[in-house]
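Source file run30.cif; content: mmCIF, N, CA and C atoms.
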data_query
#
loop_
_atom_site.label_atom_id
_atom_site.label_comp_id
_atom_site.auth_asym_id
_atom_site.auth_seq_id
_atom_site.Cartn_x
_atom_site.Cartn_y
_atom_site.Cartn_z
N MET E 1 59.10 13.41 -22.32
CA MET E 1 58.70 12.46 -21.31
C MET E 1 59.88 11.58 -20.87
N GLY E 2 60.65 11.07 -21.80
CA GLY E 2 61.80 10.27 -21.44
C GLY E 2 61.42 8.88 -20.98
N ASP E 3 62.37 8.27 -20.27
CA ASP E 3 62.18 6.90 -19.78
C ASP E 3 61.93 6.85 -18.28
N ALA E 4 61.32 7.87 -17.73
CA ALA E 4 61.05 7.90 -16.29
C ALA E 4 60.07 6.79 -15.93
N PRO E 5 60.32 6.07 -14.83
CA PRO E 5 59.41 5.01 -14.42
C PRO E 5 58.07 5.58 -13.95
N LEU E 6 57.02 4.80 -14.11
CA LEU E 6 55.71 5.20 -13.62
C LEU E 6 55.71 5.17 -12.10
N ASN E 7 54.96 6.05 -11.49
CA ASN E 7 54.87 5.99 -10.04
C ASN E 7 53.91 4.87 -9.64
N ALA E 8 53.97 4.45 -8.40
CA ALA E 8 53.22 3.29 -7.93
C ALA E 8 51.71 3.41 -8.14
N PRO E 9 51.07 4.55 -7.82
CA PRO E 9 49.62 4.63 -8.03
C PRO E 9 49.22 4.48 -9.50
N VAL E 10 50.00 5.05 -10.41
CA VAL E 10 49.69 4.93 -11.84
C VAL E 10 49.90 3.49 -12.29
N THR E 11 50.99 2.88 -11.86
CA THR E 11 51.25 1.48 -12.19
C THR E 11 50.13 0.59 -11.69
N LEU E 12 49.72 0.80 -10.46
CA LEU E 12 48.64 0.00 -9.86
C LEU E 12 47.35 0.17 -10.65
N LEU E 13 47.03 1.38 -11.03
CA LEU E 13 45.82 1.64 -11.80
C LEU E 13 45.86 0.89 -13.14
N LEU E 14 46.97 0.97 -13.84
CA LEU E 14 47.10 0.27 -15.12
C LEU E 14 46.99 -1.24 -14.95
N LEU E 15 47.70 -1.78 -13.97
CA LEU E 15 47.69 -3.22 -13.75
C LEU E 15 46.30 -3.72 -13.37
N GLN E 16 45.70 -3.05 -12.42
CA GLN E 16 44.43 -3.53 -11.86
C GLN E 16 43.26 -3.39 -12.82
N HIS E 17 43.13 -2.25 -13.44
CA HIS E 17 41.91 -1.97 -14.19
C HIS E 17 42.02 -2.20 -15.69
N LEU E 18 43.20 -2.10 -16.23
CA LEU E 18 43.34 -2.23 -17.68
C LEU E 18 43.92 -3.59 -18.08
N LEU E 19 45.04 -3.94 -17.48
CA LEU E 19 45.75 -5.13 -17.94
C LEU E 19 45.31 -6.42 -17.28
N PHE E 20 45.06 -6.39 -15.97
CA PHE E 20 44.76 -7.63 -15.24
C PHE E 20 43.53 -7.46 -14.36
N PRO E 21 42.36 -7.20 -14.94
CA PRO E 21 41.17 -6.96 -14.12
C PRO E 21 40.73 -8.18 -13.31
N GLU E 22 41.15 -9.37 -13.71
CA GLU E 22 40.75 -10.56 -12.96
C GLU E 22 41.63 -10.80 -11.72
N TRP E 23 42.64 -9.99 -11.54
CA TRP E 23 43.51 -10.07 -10.37
C TRP E 23 43.26 -8.84 -9.48
N ALA E 24 43.21 -9.04 -8.18
CA ALA E 24 43.17 -7.93 -7.23
C ALA E 24 44.62 -7.61 -6.88
N ILE E 25 45.11 -6.47 -7.33
CA ILE E 25 46.52 -6.11 -7.17
C ILE E 25 46.62 -4.94 -6.20
N THR E 26 47.51 -5.09 -5.22
CA THR E 26 47.71 -4.04 -4.22
C THR E 26 49.21 -3.87 -3.95
N ARG E 27 49.53 -2.76 -3.31
CA ARG E 27 50.89 -2.50 -2.84
C ARG E 27 50.77 -2.04 -1.40
N ASP E 28 51.42 -2.75 -0.49
CA ASP E 28 51.25 -2.41 0.92
C ASP E 28 52.19 -1.28 1.34
N ARG E 29 52.08 -0.85 2.58
CA ARG E 29 52.85 0.30 3.07
C ARG E 29 54.35 0.05 3.11
N HIS E 30 54.74 -1.24 2.99
CA HIS E 30 56.17 -1.59 2.97
C HIS E 30 56.70 -1.72 1.54
N GLY E 31 55.82 -1.49 0.56
CA GLY E 31 56.23 -1.56 -0.83
C GLY E 31 56.13 -2.94 -1.46
N ILE E 32 55.53 -3.89 -0.76
CA ILE E 32 55.37 -5.24 -1.30
C ILE E 32 54.14 -5.27 -2.20
N TRP E 33 54.31 -5.79 -3.40
CA TRP E 33 53.23 -5.94 -4.35
C TRP E 33 52.57 -7.30 -4.15
N ARG E 34 51.23 -7.34 -4.15
CA ARG E 34 50.47 -8.58 -3.98
C ARG E 34 49.40 -8.65 -5.06
N ALA E 35 49.12 -9.87 -5.49
CA ALA E 35 48.04 -10.09 -6.45
C ALA E 35 47.27 -11.33 -6.00
N THR E 36 45.95 -11.21 -6.03
CA THR E 36 45.09 -12.33 -5.69
C THR E 36 44.20 -12.62 -6.88
N GLY E 37 44.32 -13.84 -7.37
CA GLY E 37 43.50 -14.34 -8.47
C GLY E 37 43.11 -15.75 -8.06
N ARG E 38 43.52 -16.71 -8.87
CA ARG E 38 43.31 -18.11 -8.47
C ARG E 38 44.16 -18.46 -7.26
N VAL E 39 45.26 -17.75 -7.12
CA VAL E 39 46.17 -17.90 -5.98
C VAL E 39 46.57 -16.50 -5.52
N THR E 40 47.21 -16.41 -4.38
CA THR E 40 47.75 -15.13 -3.91
C THR E 40 49.27 -15.18 -4.05
N ILE E 41 49.82 -14.15 -4.66
CA ILE E 41 51.26 -14.06 -4.86
C ILE E 41 51.75 -12.71 -4.36
N SER E 42 53.05 -12.63 -4.09
CA SER E 42 53.63 -11.35 -3.70
C SER E 42 55.06 -11.27 -4.21
N ALA E 43 55.53 -10.03 -4.35
CA ALA E 43 56.89 -9.79 -4.82
C ALA E 43 57.33 -8.42 -4.32
N PRO E 44 58.64 -8.22 -4.19
CA PRO E 44 59.13 -6.94 -3.69
C PRO E 44 59.04 -5.80 -4.70
N ASP E 45 58.82 -6.13 -5.98
CA ASP E 45 58.69 -5.09 -6.99
C ASP E 45 57.69 -5.52 -8.05
N VAL E 46 57.27 -4.58 -8.85
CA VAL E 46 56.24 -4.86 -9.84
C VAL E 46 56.74 -5.81 -10.92
N ASP E 47 58.02 -5.74 -11.28
CA ASP E 47 58.55 -6.66 -12.28
C ASP E 47 58.48 -8.11 -11.80
N GLY E 48 58.82 -8.31 -10.54
CA GLY E 48 58.73 -9.66 -9.97
C GLY E 48 57.30 -10.15 -9.93
N LEU E 49 56.37 -9.26 -9.60
CA LEU E 49 54.96 -9.64 -9.56
C LEU E 49 54.49 -10.06 -10.94
N LEU E 50 54.86 -9.29 -11.96
CA LEU E 50 54.46 -9.63 -13.33
C LEU E 50 55.07 -10.96 -13.78
N ASP E 51 56.30 -11.24 -13.36
CA ASP E 51 56.91 -12.53 -13.68
C ASP E 51 56.11 -13.68 -13.09
N VAL E 52 55.67 -13.53 -11.85
CA VAL E 52 54.91 -14.60 -11.20
C VAL E 52 53.52 -14.72 -11.82
N ILE E 53 52.88 -13.60 -12.16
CA ILE E 53 51.59 -13.66 -12.83
C ILE E 53 51.74 -14.38 -14.17
N ARG E 54 52.81 -14.09 -14.89
CA ARG E 54 53.05 -14.74 -16.19
C ARG E 54 53.16 -16.25 -16.04
N ILE E 55 53.83 -16.70 -15.00
CA ILE E 55 53.97 -18.14 -14.76
C ILE E 55 52.65 -18.75 -14.32
N THR E 56 51.94 -18.05 -13.44
CA THR E 56 50.70 -18.55 -12.86
C THR E 56 49.53 -18.51 -13.83
N ASP E 57 49.46 -17.47 -14.64
CA ASP E 57 48.31 -17.24 -15.51
C ASP E 57 48.76 -16.69 -16.87
N PRO E 58 49.40 -17.54 -17.68
CA PRO E 58 49.96 -17.04 -18.95
C PRO E 58 48.92 -16.46 -19.90
N GLY E 59 47.70 -16.95 -19.87
CA GLY E 59 46.66 -16.42 -20.75
C GLY E 59 46.36 -14.96 -20.47
N THR E 60 46.38 -14.59 -19.22
CA THR E 60 46.14 -13.20 -18.84
C THR E 60 47.23 -12.30 -19.39
N VAL E 61 48.47 -12.74 -19.31
CA VAL E 61 49.59 -11.93 -19.80
C VAL E 61 49.51 -11.81 -21.32
N GLU E 62 49.16 -12.90 -22.01
CA GLU E 62 49.03 -12.84 -23.47
C GLU E 62 47.94 -11.83 -23.86
N ARG E 63 46.83 -11.82 -23.14
CA ARG E 63 45.75 -10.87 -23.41
C ARG E 63 46.25 -9.43 -23.20
N ALA E 64 47.01 -9.21 -22.12
CA ALA E 64 47.53 -7.87 -21.83
C ALA E 64 48.49 -7.41 -22.92
N VAL E 65 49.32 -8.32 -23.40
CA VAL E 65 50.26 -7.96 -24.48
C VAL E 65 49.49 -7.59 -25.76
N ARG E 66 48.46 -8.36 -26.08
CA ARG E 66 47.63 -8.04 -27.25
C ARG E 66 46.95 -6.67 -27.06
N LEU E 67 46.46 -6.41 -25.87
CA LEU E 67 45.80 -5.14 -25.57
C LEU E 67 46.75 -3.96 -25.78
N LEU E 68 48.01 -4.17 -25.44
CA LEU E 68 49.01 -3.11 -25.60
C LEU E 68 49.58 -3.05 -27.02
N GLY E 69 49.12 -3.95 -27.89
CA GLY E 69 49.56 -3.92 -29.27
C GLY E 69 50.87 -4.62 -29.52
N GLY E 70 51.28 -5.50 -28.59
CA GLY E 70 52.57 -6.18 -28.72
C GLY E 70 52.50 -7.49 -29.48
N ALA E 71 51.33 -7.93 -29.89
CA ALA E 71 51.26 -9.19 -30.63
C ALA E 71 50.14 -9.15 -31.64
#
Mind turning this structure into structure tokens?
Amino acid sequence: MGDAPLNAPVTLLLLQHLLFPEWAITRDRHGIWRATGRVTISAPDVDGLLDVIRITDPGTVERAVRLLGGA
């Protein structure tokens, strides 16, 4: 398998349904990632989006890390 990055649809599926179900996460036709929860945020890449979600909603990120077995 290696270290190949996940493609956008797989990443979106994991983010939306498994890790952050309380956020509506989308990727538009220009490649901009958006998340709507208590606020609406956007970023040019998924890493940036996750950084902003972490700042905006740290409890959600902590839950996702526990779900993935990281804590």
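Across the model, the gap from atom N of E:Arg38 to atom CA of E:Asp57 is 8.2 Å.
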>> If you run DSSP on the backbone here, which positions in chain E get strand (DSSP E or B)? Please write them as a PyMOL selection string.
In response: chain E and resi 24-27+33-36+40-43
Export of prior selection with N, CA and C atoms as a compact mmCIF listing (two decimals), in the coordinates of the input:
# COMPACT_ATOMS: atom_id res chain seq x y z
N ALA E 24 43.21 -9.04 -8.18
CA ALA E 24 43.17 -7.93 -7.23
C ALA E 24 44.62 -7.61 -6.88
N ILE E 25 45.11 -6.47 -7.33
CA ILE E 25 46.52 -6.11 -7.17
C ILE E 25 46.62 -4.94 -6.20
N THR E 26 47.51 -5.09 -5.22
CA THR E 26 47.71 -4.04 -4.22
C THR E 26 49.21 -3.87 -3.95
N ARG E 27 49.53 -2.76 -3.31
CA ARG E 27 50.89 -2.50 -2.84
C ARG E 27 50.77 -2.04 -1.40
N TRP E 33 54.31 -5.79 -3.40
CA TRP E 33 53.23 -5.94 -4.35
C TRP E 33 52.57 -7.30 -4.15
N ARG E 34 51.23 -7.34 -4.15
CA ARG E 34 50.47 -8.58 -3.98
C ARG E 34 49.40 -8.65 -5.06
N ALA E 35 49.12 -9.87 -5.49
CA ALA E 35 48.04 -10.09 -6.45
C ALA E 35 47.27 -11.33 -6.00
N THR E 36 45.95 -11.21 -6.03
CA THR E 36 45.09 -12.33 -5.69
C THR E 36 44.20 -12.62 -6.88
N THR E 40 47.21 -16.41 -4.38
CA THR E 40 47.75 -15.13 -3.91
C THR E 40 49.27 -15.18 -4.05
N ILE E 41 49.82 -14.15 -4.66
CA ILE E 41 51.26 -14.06 -4.86
C ILE E 41 51.75 -12.71 -4.36
N SER E 42 53.05 -12.63 -4.09
CA SER E 42 53.63 -11.35 -3.70
C SER E 42 55.06 -11.27 -4.21
N ALA E 43 55.53 -10.03 -4.35
CA ALA E 43 56.89 -9.79 -4.82
C ALA E 43 57.33 -8.42 -4.32
>> Just want the 8 Å neighbourhood of E:Asp45, counted on only C-alpha atoms, with same-chain residues fewer than 3 positions away dropped. Output as a list in words.
In response: Gly31, Ile32, Trp33, Gly48 and Leu49 of chain E
> Which residues come within 12 Å of E:Leu67, counting only C-alpha atoms, excluding same-chain residues fewer than 3 positions away, as an MDAnalysis selection string?
Replying inline: chainID E and resid 14 18:20 60:64 70:71
> Which is closer to E:Ala35 than all the others in E:Pro9, E:Pro21, E:Gly69, E:Gly59, using only C-alpha atoms?
Replying inline: E:Pro21
> Within 6 Å of E:Ala24, counting all atoms listed in the file, which residues qualify if same-chain residues fewer than 2 places away don't, as a ChimeraX atom specification?
Replying inline: /E:21-22,26,34-37
Selected residues, N, CA and C atoms, written as a PDB file, in the frame of the given file, please.
ATOM      1  N   PRO E  21      42.360  -7.200 -14.940  1.00  0.00           N
ATOM      2  CA  PRO E  21      41.170  -6.960 -14.120  1.00  0.00           C
ATOM      3  C   PRO E  21      40.730  -8.180 -13.310  1.00  0.00           C
ATOM      4  N   GLU E  22      41.150  -9.370 -13.710  1.00  0.00           N
ATOM      5  CA  GLU E  22      40.750 -10.560 -12.960  1.00  0.00           C
ATOM      6  C   GLU E  22      41.630 -10.800 -11.720  1.00  0.00           C
ATOM      7  N   THR E  26      47.510  -5.090  -5.220  1.00  0.00           N
ATOM      8  CA  THR E  26      47.710  -4.040  -4.220  1.00  0.00           C
ATOM      9  C   THR E  26      49.210  -3.870  -3.950  1.00  0.00           C
ATOM     10  N   ARG E  34      51.230  -7.340  -4.150  1.00  0.00           N
ATOM     11  CA  ARG E  34      50.470  -8.580  -3.980  1.00  0.00           C
ATOM     12  C   ARG E  34      49.400  -8.650  -5.060  1.00  0.00           C
ATOM     13  N   ALA E  35      49.120  -9.870  -5.490  1.00  0.00           N
ATOM     14  CA  ALA E  35      48.040 -10.090  -6.450  1.00  0.00           C
ATOM     15  C   ALA E  35      47.270 -11.330  -6.000  1.00  0.00           C
ATOM     16  N   THR E  36      45.950 -11.210  -6.030  1.00  0.00           N
ATOM     17  CA  THR E  36      45.090 -12.330  -5.690  1.00  0.00           C
ATOM     18  C   THR E  36      44.200 -12.620  -6.880  1.00  0.00           C
ATOM     19  N   GLY E  37      44.320 -13.840  -7.370  1.00  0.00           N
ATOM     20  CA  GLY E  37      43.500 -14.340  -8.470  1.00  0.00           C
ATOM     21  C   GLY E  37      43.110 -15.750  -8.060  1.00  0.00           C
TER      22      GLY E  37
END
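Of note, atom N of E:Asp47 and atom CA of E:Asn7 are spaced 12.2 Å apart.
What separates atom CA of E:Arg27 from atom CA of E:Leu68 is a distance of 22.8 Å.
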